[in-house]
Protein chains: 2
Amino acid sequence: MMGSANASGANTVEPLNLGFSNFDLDGLTPVEGGGATTALGFKAAGIHAGFRADPDRLDFALIVADEPASTAAVFTTNVFCAPPVQVSRQHLDGVSYGTARAIAINSGIANAATGDVGLRNAERTTHIVGDAVGCPAEEVLVASTGVIGQHLSMEPFETGVPLAVAALSRDGSSSAARAIMTTDTHPKEFAVTFSGDGIGYDGCTFAVGGLSKGSGMIMPNMATMICVITTDAPVNPDVLHHALVYAVGHSFNKITVDSDTSTNDSCFVMSSGAAAGPHARPIELGTPAYDRFEQALAAVCGSLARTMAADGEGATRLLTVRVAGAASDADADAAARTVANSPLVKTAVYGHDANWGRIAAALGRSGATFDPLRVSIDIMGLPVCRKGLTVPFDEEEALRRFERPEIDLDVDLGAGDFKTLIWSCDFSHEYVTINGDYRT
Amino acid sequence: MMGSANASGANTVEPLNLGFSNFDLDGLTPVEGGGATTALGFKAAGIHAGFRADPDRLDFALIVADEPASTAAVFTTNVFCAPPVQVSRQHLDGVSYGTARAIAINSGIANAATGDVGLRNAERTTHIVGDAVGCPAEEVLVASTGVIGQHLSMEPFETGVPLAVAALSRDGSSSAARAIMTTDTHPKEFAVTFSGDGIGYDGCTFAVGGLSKGSGMIMPNMATMICVITTDAPVNPDVLHHALVYAVGHSFNKITVDSDTSTNDSCFVMSSGAAAGPHARPIELGTPAYDRFEQALAAVCGSLARTMAADGEGATRLLTVRVAGAASDADADAAARTVANSPLVKTAVYGHDANWGRIAAALGRSGATFDPLRVSIDIMGLPVCRKGLTVPFDEEEALRRFERPEIDLDVDLGAGDFKTLIWSCDFSHEYVTINGDYRT
């Protein structure tokens with residue numbers, strides 16, 4: 001335990017109270033039970049097709065737009081990108097945005113490290129889905145998650161896809177969300193609406209909603225992230241892609257796991273424009289309507305990402321590291337990410353040890369530029385370091401705060417005006433049994 | 001399990017057989033039981049001074065040169081460098097090389113995150129040691145390892161340093177090595193000799209030897225690395241520093257733990273020149289004698305580093321990742337390091353799972369440039385991937401090889417001529433209980 005309480009155990013230093021979020025719900029209305037079918041013009045289904053042995057386990061999801069939809073995607077940056085990612089990229093004209101009609105996702109088999117055979121299987125999947133939906137194969141995007149290195153069996157697609165198409169409904173989002181789970185302990189969905197009043201779409205209410213899978217647990221660090229978002233706001237593919245890149249950068253990319261990205265990570269967004277009326281013009285970059293749309297997309301991604309970061313076997317709580325006062329965006333991100341990634345920090349937190357020395361060491365190796373004598377740190381709102389030195393704190397209060405369901409670490413680097421947050425999760429008890437309680 | 005064995009289970013693909021090491025013992029002679037007092041002109045001691053409660057636990061080490069010695073050091077790059085590192089840097093004229101007489105190391109308290117009080121305590125330590133040894137405080141270097149954020153008690157120095165000075169001997173290296181251990185499961189020492197014949201020092205035999213502490217286990221990732229090496233070859237401070245930077249870069253910096261460096265990492269080398277005779281000239285850069293000396297220093301550092309990488313509570317085996325065929329040194333290092341750092345790879349290895357998909361994914365996110373279709377991978381000498389595709393292998397043979405005491409992973413990126421190796425360790429059984437056996 002660090003620091004030494006004064007006689008009264010009182011801590012009279014003001015907390016940093018950083019409290020900012022990566023997304024902002026002002027002007028947005030969360031939709032209870034909302035997901036990928038909240039927006040008009042979309043249906044979804046989740047069924048058991050046979051990729052998994054257990055017949056009660058859903059393993060195939062389909063999200064279909066009533067009409068060809070403006071679509072954008074962000075994929076893994078891993079050099080080894082899996083066949084489904086390669087095929088989806090091709091179908092979006094190689095630039096990550098274009099037109100699509102359906103997104104098909106299987107769980108159980110990742111179809112990764114499967115070479116040319118995997119590529120052919122992913123392409124065949126798009127033909128099977130296209131035939132069943134009634135659209136060209138090029139308008140079908142695919143994603144897979146599960147075991148690496150095993151080949152997809154095509155039979156579950158051949159028998160399951162027609163069943164999924166028959167099951168498509170405006171209520172299918174939650175089944176679809178279940179069907180793509182792997183290490184997730186629960187399905188993940190979120191949706192918001194916003195008004196078009198005063199931003200050029202008077203009388204319209206637009207929805208942005210989605211489903212996702214992926215868990216923030218450190219192990220296994222290849223819990224692939226897949227997300228499908230739909231909107232009935234009218235947005236062209238290039239503008240949609242612009243907003244998605246922003247949203248992903250401020251959400252899924254703010255979760256830290258030991259490894260940045262699996263071979264299969266895929267995030268899709270489709271726009272039907274169905275809530276805008278037949279004569280509405282598409283939302284343009286640089287307009288208040290764009291700003292609101294981007295905010296909504298970031299909120300959906302942010303909410304799903306936060307949920308993912310907290311989830312996973314072996315994790316018990318969300319850990320949020322906020323860094324303010326950084327000299328640049330990159331510094332803020334590096335500092336927060338290094339702290340959030342540090343197993344020592346996470347173990348100390350889990351072990352109810354208000355050990356800011358480990359946080360400091362993580363900051364010190366992050367690459368961020370700052371003067372150690374200007375650093376301030378709070379652990380769960382309790383000041384523990386000011387100007388690089390220990391602040392006496394009430395140890396009993398610290399122990400009480402460690403019981404909270406979420407852990408917040410706040411850092412001010414005193415080096416500038418940039419800030420960010422990174423989500424992570426703590427470790428399981430078993431992990432701590434091995435690694436915790438480290439005193440020389 | 002990946003791959004599919006053919007009918008005979010035989011694998012006719014040639015293994016990569018990379019087998020290279022980071023250091024080379026040709027022309028060097030390891031010294032049985034050698035350490036920091038193998039070289040002429042040095043004594044050492046390790047005692048219980050009182051930093052640790054247990055009276056049977058040695059906690060203070062002293063390495064002293066008979067005469068002021070040419071000295072060089074490499075320290076942590078962490079922005080938060082601990083007071084002992086700050087003081088040692090100052091005493092080496094701020095440039096990491098100069099003259100020193102004694103190195104004093106305590107374990108139990110790291111004297112890190114201790115601010116000005118810590119700085120004063122570190123300086124005071126150099127005065128206490130200087131007084132007892134009979135040299136200026138500026139010729140004393142210090143290092144500390146242990147708990148962060150707690151202040152050093154000066155009393156153990158005041159009572160212990162004179163005892164340590166009285167205990168100095170030519171046999172004191174192993175006690176000193178014990179006195180600096182924290183999470184180490186055993187003390188670490190190594191020494192070599194080489195002949196000066198034919199390289200300008202005919203008739204001379206030079207020794208390079210040292211002691212170190214630090215463990216390669218992922219947790220806790222702040223197991224500080226401290227190393228003290230001595231030599232009786234005649235080397236001036238700047239040349240000594242040049243050789244040390246090379247040696248550290250190819251040894252301690254080739255170990256991967258979750259975090260690169262603690263706030264206290266320190267590596268020292270002192271040269272007495274005592275084996276060269278009174279009229280010998282110092283070894284110059286760019287000479288065969290320098291090359292041999294640098295090789296010897298790299299071998300001592302390399303051997304100590306390798307031992308550290310394999311050591312630690314919770315680790316059971318050394319993991320060596322070799323990457324060849326990289327487009328640059330940086331690519332080779334990034335690729336090897338990312339694989340060696342990947343918990344999924346390590347878990348798969350420990351779980352006896354010849355899963356090259358995870359190795360590929362680690363390579364793919366490493367930042368190295370290569371064509372996935374030119375990659376080859378061997379697991380313990382068993383080819384599992386050629387040209388980016390699975391190679392059938394004998395699964396029973398794989399299971400047999402997984403019983404080996406050391407695990408080797410070989411990768412050829414097919415992108416160039418650069419190569420390197422990175423040392424890591426696997427995970428404990430308990431860690432695997434949580435995270436292993438992951439199949440969706």
# chains A, B, ... in the order shown; residues from 1 in each chain; ligands from 1

call {"tool": "residues_around", "arguments": {"residues": "A:Thr420", "least_positions_apart": "4", "cutoff": "7 Å", "atoms": "only C-alpha atoms", "output": "PDB file with N, CA, C and O atoms, in the first residue's frame"}}
result
ATOM      1  N   ARG A 322      -8.646   7.436 -17.850  1.00  0.00           N
ATOM      2  CA  ARG A 322      -8.761   8.735 -18.508  1.00  0.00           C
ATOM      3  C   ARG A 322      -7.452   9.481 -18.337  1.00  0.00           C
ATOM      4  O   ARG A 322      -6.924   9.582 -17.232  1.00  0.00           O
ATOM      5  N   VAL A 323      -6.967  10.020 -19.437  1.00  0.00           N
ATOM      6  CA  VAL A 323      -5.772  10.854 -19.375  1.00  0.00           C
ATOM      7  C   VAL A 323      -6.121  12.216 -19.926  1.00  0.00           C
ATOM      8  O   VAL A 323      -6.651  12.333 -21.033  1.00  0.00           O
ATOM      9  N   ALA A 324      -5.832  13.232 -19.154  1.00  0.00           N
ATOM     10  CA  ALA A 324      -6.020  14.609 -19.598  1.00  0.00           C
ATOM     11  C   ALA A 324      -4.675  15.314 -19.514  1.00  0.00           C
ATOM     12  O   ALA A 324      -3.702  14.772 -18.977  1.00  0.00           O
ATOM     13  N   ALA A 332      -1.871  11.342 -25.389  1.00  0.00           N
ATOM     14  CA  ALA A 332      -2.984  10.970 -24.503  1.00  0.00           C
ATOM     15  C   ALA A 332      -3.335   9.511 -24.704  1.00  0.00           C
ATOM     16  O   ALA A 332      -3.512   8.751 -23.746  1.00  0.00           O
ATOM     17  N   ASP A 333      -3.417   9.110 -25.963  1.00  0.00           N
ATOM     18  CA  ASP A 333      -3.793   7.734 -26.267  1.00  0.00           C
ATOM     19  C   ASP A 333      -2.720   6.764 -25.779  1.00  0.00           C
ATOM     20  O   ASP A 333      -3.016   5.751 -25.162  1.00  0.00           O
TER      21      ASP A 333
END

call {"tool": "residues_around", "arguments": {"residues": "stretch 89-97 of chain B", "least_positions_apart": "5", "cutoff": "10 Å", "atoms": "only C-alpha atoms", "output": "list in words"}}
result
Ser70, Thr71, Ala72, Ala73, Val74, Phe75, Pro83, Pro84, Glu123, Thr126, Ala137, Glu138, Glu139, Val140, Leu141, Val142, Asn236, Pro237, Asp238, Val239, Leu240, His241, His242, Phe268, Val269 and Met270 of chain B

call {"tool": "residues_around", "arguments": {"residues": "A:Cys204", "least_positions_apart": "2", "cutoff": "7 Å", "atoms": "only C-alpha atoms", "output": "short mmCIF file (atom, residue, chain, number, x, y, z; two decimals) with N, CA and C atoms, in the first residue's frame"}}
result
data_model
loop_
_atom_site.label_atom_id
_atom_site.label_comp_id
_atom_site.auth_asym_id
_atom_site.auth_seq_id
_atom_site.Cartn_x
_atom_site.Cartn_y
_atom_site.Cartn_z
N SER A 195 -33.71 13.61 -33.79
CA SER A 195 -34.66 14.37 -34.58
C SER A 195 -33.96 15.11 -35.72
N GLY A 196 -34.66 15.19 -36.86
CA GLY A 196 -34.13 15.95 -37.98
C GLY A 196 -34.55 17.41 -37.94
N ASP A 197 -35.37 17.77 -36.93
CA ASP A 197 -35.84 19.15 -36.81
C ASP A 197 -34.68 20.12 -36.64
N TYR A 201 -34.01 18.36 -41.81
CA TYR A 201 -34.89 17.21 -42.06
C TYR A 201 -36.09 17.30 -41.11
N ASP A 202 -36.75 18.45 -41.21
CA ASP A 202 -37.85 18.70 -40.28
C ASP A 202 -38.90 17.61 -40.37
N PHE A 206 -34.62 9.95 -37.09
CA PHE A 206 -33.69 8.97 -37.64
C PHE A 206 -33.19 8.03 -36.55
N ALA A 275 -36.15 6.64 -43.50
CA ALA A 275 -36.88 7.57 -42.61
C ALA A 275 -36.89 8.99 -43.15
N ALA A 276 -36.27 9.18 -44.32
CA ALA A 276 -36.14 10.54 -44.82
C ALA A 276 -37.18 10.90 -45.86
#

call {"tool": "atom_distance", "arguments": {"atom1": "atom CA of A:Gly414", "atom2": "atom CA of A:Leu25"}}
result
28.4 Å

call {"tool": "residues_around", "arguments": {"residues": "A:Arg170", "least_positions_apart": "5", "cutoff": "8 Å", "atoms": "only C-alpha atoms", "output": "list of chain:residue names"}}
result
A:Thr37, A:Thr38, A:Phe42, A:Lys43, A:Ala44

call {"tool": "write_last_selection", "arguments": {"atoms": "N, CA, C and O atoms", "output": "PDB file, in the first residue's frame"}}
result
ATOM      1  N   THR A  37     -32.293  -3.690 -36.072  1.00  0.00           N
ATOM      2  CA  THR A  37     -33.534  -3.554 -36.853  1.00  0.00           C
ATOM      3  C   THR A  37     -34.397  -2.403 -36.364  1.00  0.00           C
ATOM      4  O   THR A  37     -35.556  -2.279 -36.747  1.00  0.00           O
ATOM      5  N   THR A  38     -33.822  -1.545 -35.526  1.00  0.00           N
ATOM      6  CA  THR A  38     -34.570  -0.368 -35.089  1.00  0.00           C
ATOM      7  C   THR A  38     -34.806   0.570 -36.270  1.00  0.00           C
ATOM      8  O   THR A  38     -35.912   1.105 -36.444  1.00  0.00           O
ATOM      9  N   PHE A  42     -34.795  -2.503 -42.586  1.00  0.00           N
ATOM     10  CA  PHE A  42     -33.898  -3.636 -42.317  1.00  0.00           C
ATOM     11  C   PHE A  42     -34.630  -4.743 -41.568  1.00  0.00           C
ATOM     12  O   PHE A  42     -35.525  -4.480 -40.763  1.00  0.00           O
ATOM     13  N   LYS A  43     -34.215  -5.983 -41.844  1.00  0.00           N
ATOM     14  CA  LYS A  43     -34.678  -7.137 -41.101  1.00  0.00           C
ATOM     15  C   LYS A  43     -33.475  -7.965 -40.697  1.00  0.00           C
ATOM     16  O   LYS A  43     -32.396  -7.841 -41.284  1.00  0.00           O
ATOM     17  N   ALA A  44     -33.664  -8.839 -39.724  1.00  0.00           N
ATOM     18  CA  ALA A  44     -32.560  -9.692 -39.290  1.00  0.00           C
ATOM     19  C   ALA A  44     -33.079 -11.039 -38.821  1.00  0.00           C
ATOM     20  O   ALA A  44     -34.276 -11.205 -38.546  1.00  0.00           O
TER      21      ALA A  44
END

call {"tool": "select_by_dssp", "arguments": {"residues": "stretch 39-234 of chain A", "states": "strand (DSSP E)", "output": "PyMOL selection string"}}
result
chain A and resi 42-47+60-75+97-109+140-147+188-195+205-213+226-231

call {"tool": "write_last_selection", "arguments": {"atoms": "C-alpha atoms", "output": "short mmCIF file (atom, residue, chain, number, x, y, z; two decimals), in the first residue's frame"}}
result
data_model
loop_
_atom_site.label_atom_id
_atom_site.label_comp_id
_atom_site.auth_asym_id
_atom_site.auth_seq_id
_atom_site.Cartn_x
_atom_site.Cartn_y
_atom_site.Cartn_z
CA PHE A 42 -33.90 -3.64 -42.32
CA LYS A 43 -34.68 -7.14 -41.10
CA ALA A 44 -32.56 -9.69 -39.29
CA ALA A 45 -32.49 -13.32 -38.22
CA GLY A 46 -30.34 -15.57 -36.06
CA ILE A 47 -30.59 -19.34 -36.34
CA PHE A 60 -25.68 -17.90 -38.13
CA ALA A 61 -26.88 -14.32 -38.40
CA LEU A 62 -28.31 -12.47 -41.36
CA ILE A 63 -29.03 -8.75 -41.60
CA VAL A 64 -30.82 -7.77 -44.80
CA ALA A 65 -31.83 -4.40 -46.23
CA ASP A 66 -35.16 -4.23 -48.05
CA GLU A 67 -33.41 -2.38 -50.90
CA PRO A 68 -29.72 -2.15 -51.89
CA ALA A 69 -28.22 0.05 -49.20
CA SER A 70 -25.42 2.57 -49.00
CA THR A 71 -22.77 0.66 -46.99
CA ALA A 72 -19.40 1.28 -45.37
CA ALA A 73 -17.06 -0.90 -43.39
CA VAL A 74 -13.89 -0.85 -41.35
CA PHE A 75 -11.81 -4.00 -41.22
CA TYR A 97 -17.69 1.54 -48.99
CA GLY A 98 -20.25 0.93 -51.67
CA THR A 99 -23.59 -0.81 -51.96
CA ALA A 100 -24.73 -3.92 -50.14
CA ARG A 101 -27.93 -5.75 -49.46
CA ALA A 102 -27.05 -8.39 -46.89
CA ILE A 103 -24.51 -9.18 -44.21
CA ALA A 104 -24.04 -12.84 -43.28
CA ILE A 105 -22.10 -13.85 -40.18
CA ASN A 106 -21.35 -17.32 -38.85
CA SER A 107 -19.83 -18.19 -35.53
CA GLY A 108 -17.89 -21.31 -34.57
CA ILE A 109 -15.42 -21.23 -37.41
CA VAL A 140 -23.43 -9.70 -49.90
CA LEU A 141 -20.81 -9.11 -47.20
CA VAL A 142 -19.57 -11.82 -44.89
CA ALA A 143 -17.88 -12.19 -41.55
CA SER A 144 -16.88 -15.19 -39.48
CA THR A 145 -15.73 -15.69 -35.94
CA GLY A 146 -14.51 -18.74 -34.09
CA VAL A 147 -11.74 -21.27 -34.36
CA LYS A 188 -24.81 -6.80 -27.35
CA GLU A 189 -27.18 -4.34 -28.98
CA PHE A 190 -27.82 -0.62 -28.78
CA ALA A 191 -29.80 1.97 -30.71
CA VAL A 192 -30.58 5.68 -30.56
CA THR A 193 -32.85 8.04 -32.42
CA PHE A 194 -32.44 11.72 -33.14
CA SER A 195 -34.66 14.37 -34.58
CA THR A 205 -36.78 10.97 -36.75
CA PHE A 206 -33.69 8.97 -37.64
CA ALA A 207 -32.47 5.81 -35.99
CA VAL A 208 -28.96 4.40 -35.67
CA GLY A 209 -28.65 0.98 -34.06
CA GLY A 210 -26.56 -2.12 -34.09
CA LEU A 211 -25.39 -5.41 -32.71
CA SER A 212 -21.91 -6.55 -31.97
CA LYS A 213 -19.77 -9.28 -30.53
CA ILE A 226 -17.80 -7.84 -35.34
CA CYS A 227 -20.36 -5.07 -35.47
CA VAL A 228 -23.32 -4.39 -37.76
CA ILE A 229 -25.04 -1.02 -37.57
CA THR A 230 -28.01 0.15 -39.56
CA THR A 231 -29.54 3.56 -40.00
#

call {"tool": "residues_around", "arguments": {"residues": "A:Asp232", "least_positions_apart": "5", "cutoff": "7 Å", "atoms": "only C-alpha atoms", "output": "PyMOL selection string"}}
result
chain A and resi 39-41+206-207+271-275

call {"tool": "select_by_dssp", "arguments": {"residues": "stretch 127-313 of chain B", "states": "alpha helix (DSSP H)", "output": "PyMOL selection string"}}
result
chain B and resi 127-133+155-167+173-179+237-249+288-310

call {"tool": "closest_residue", "arguments": {"among": "A:Ser376, A:Ser266, A:Asn355, A:Asn17", "to": "chain B", "atoms": "only C-alpha atoms"}}
result
A:Asn355

call {"tool": "atom_distance", "arguments": {"atom1": "atom CA of B:Val235", "atom2": "atom CA of B:Val165"}}
result
25.9 Å

call {"tool": "atom_distance", "arguments": {"atom1": "atom CA of A:Thr183", "atom2": "atom CA of A:Val129"}}
result
26.0 Å

call {"tool": "residues_around", "arguments": {"residues": "A:Ala310", "least_positions_apart": "4", "cutoff": "6 Å", "atoms": "only C-alpha atoms", "output": "list in words"}}
result
Arg317, Leu318 and Cys425 of chain A

call {"tool": "closest_residue", "arguments": {"among": "A:Val345, A:Leu58, A:Ile379, A:Ile199", "to": "A:Arg178", "atoms": "only C-alpha atoms"}}
result
A:Leu58

call {"tool": "residues_around", "arguments": {"residues": "A:Leu152", "least_positions_apart": "4", "cutoff": "10 Å", "atoms": "only C-alpha atoms", "output": "PyMOL selection string"}}
result
chain A and resi 51+106+108-112+114+117-118+121-122+125+144+156-157

call {"tool": "write_last_selection", "arguments": {"atoms": "C-alpha atoms", "output": "mmCIF file, in the first residue's frame"}}
result
data_model
loop_
_atom_site.group_PDB
_atom_site.id
_atom_site.type_symbol
_atom_site.label_atom_id
_atom_site.label_comp_id
_atom_site.auth_asym_id
_atom_site.auth_seq_id
_atom_site.Cartn_x
_atom_site.Cartn_y
_atom_site.Cartn_z
ATOM 1 C CA PHE A 51 -21.567 -24.682 -37.527
ATOM 2 C CA ASN A 106 -21.349 -17.315 -38.853
ATOM 3 C CA GLY A 108 -17.891 -21.307 -34.565
ATOM 4 C CA ILE A 109 -15.421 -21.229 -37.412
ATOM 5 C CA ALA A 110 -13.403 -18.103 -38.184
ATOM 6 C CA ASN A 111 -12.433 -19.244 -41.669
ATOM 7 C CA ALA A 112 -9.006 -17.772 -40.958
ATOM 8 C CA THR A 114 -7.515 -21.253 -44.548
ATOM 9 C CA VAL A 117 -9.999 -22.859 -49.970
ATOM 10 C CA GLY A 118 -11.167 -20.414 -47.333
ATOM 11 C CA ASN A 121 -15.766 -20.839 -49.306
ATOM 12 C CA ALA A 122 -16.297 -17.203 -48.359
ATOM 13 C CA THR A 125 -21.231 -18.135 -49.091
ATOM 14 C CA SER A 144 -16.879 -15.189 -39.476
ATOM 15 C CA PRO A 156 -24.760 -25.417 -42.916
ATOM 16 C CA PHE A 157 -24.937 -22.491 -45.329
#

call {"tool": "closest_residue", "arguments": {"among": "A:Ala336, A:Leu399, A:Val321, A:Cys385", "to": "chain B", "atoms": "only C-alpha atoms"}}
result
A:Cys385

call {"tool": "closest_residue", "arguments": {"among": "B:Ser251, B:Thr307, B:Gln150, B:Gln295", "to": "chain A", "atoms": "only C-alpha atoms"}}
result
B:Gln150

call {"tool": "closest_residue", "arguments": {"among": "B:Arg306, B:His127, B:Arg281, B:Arg52", "to": "chain A", "atoms": "only C-alpha atoms"}}
result
B:Arg52
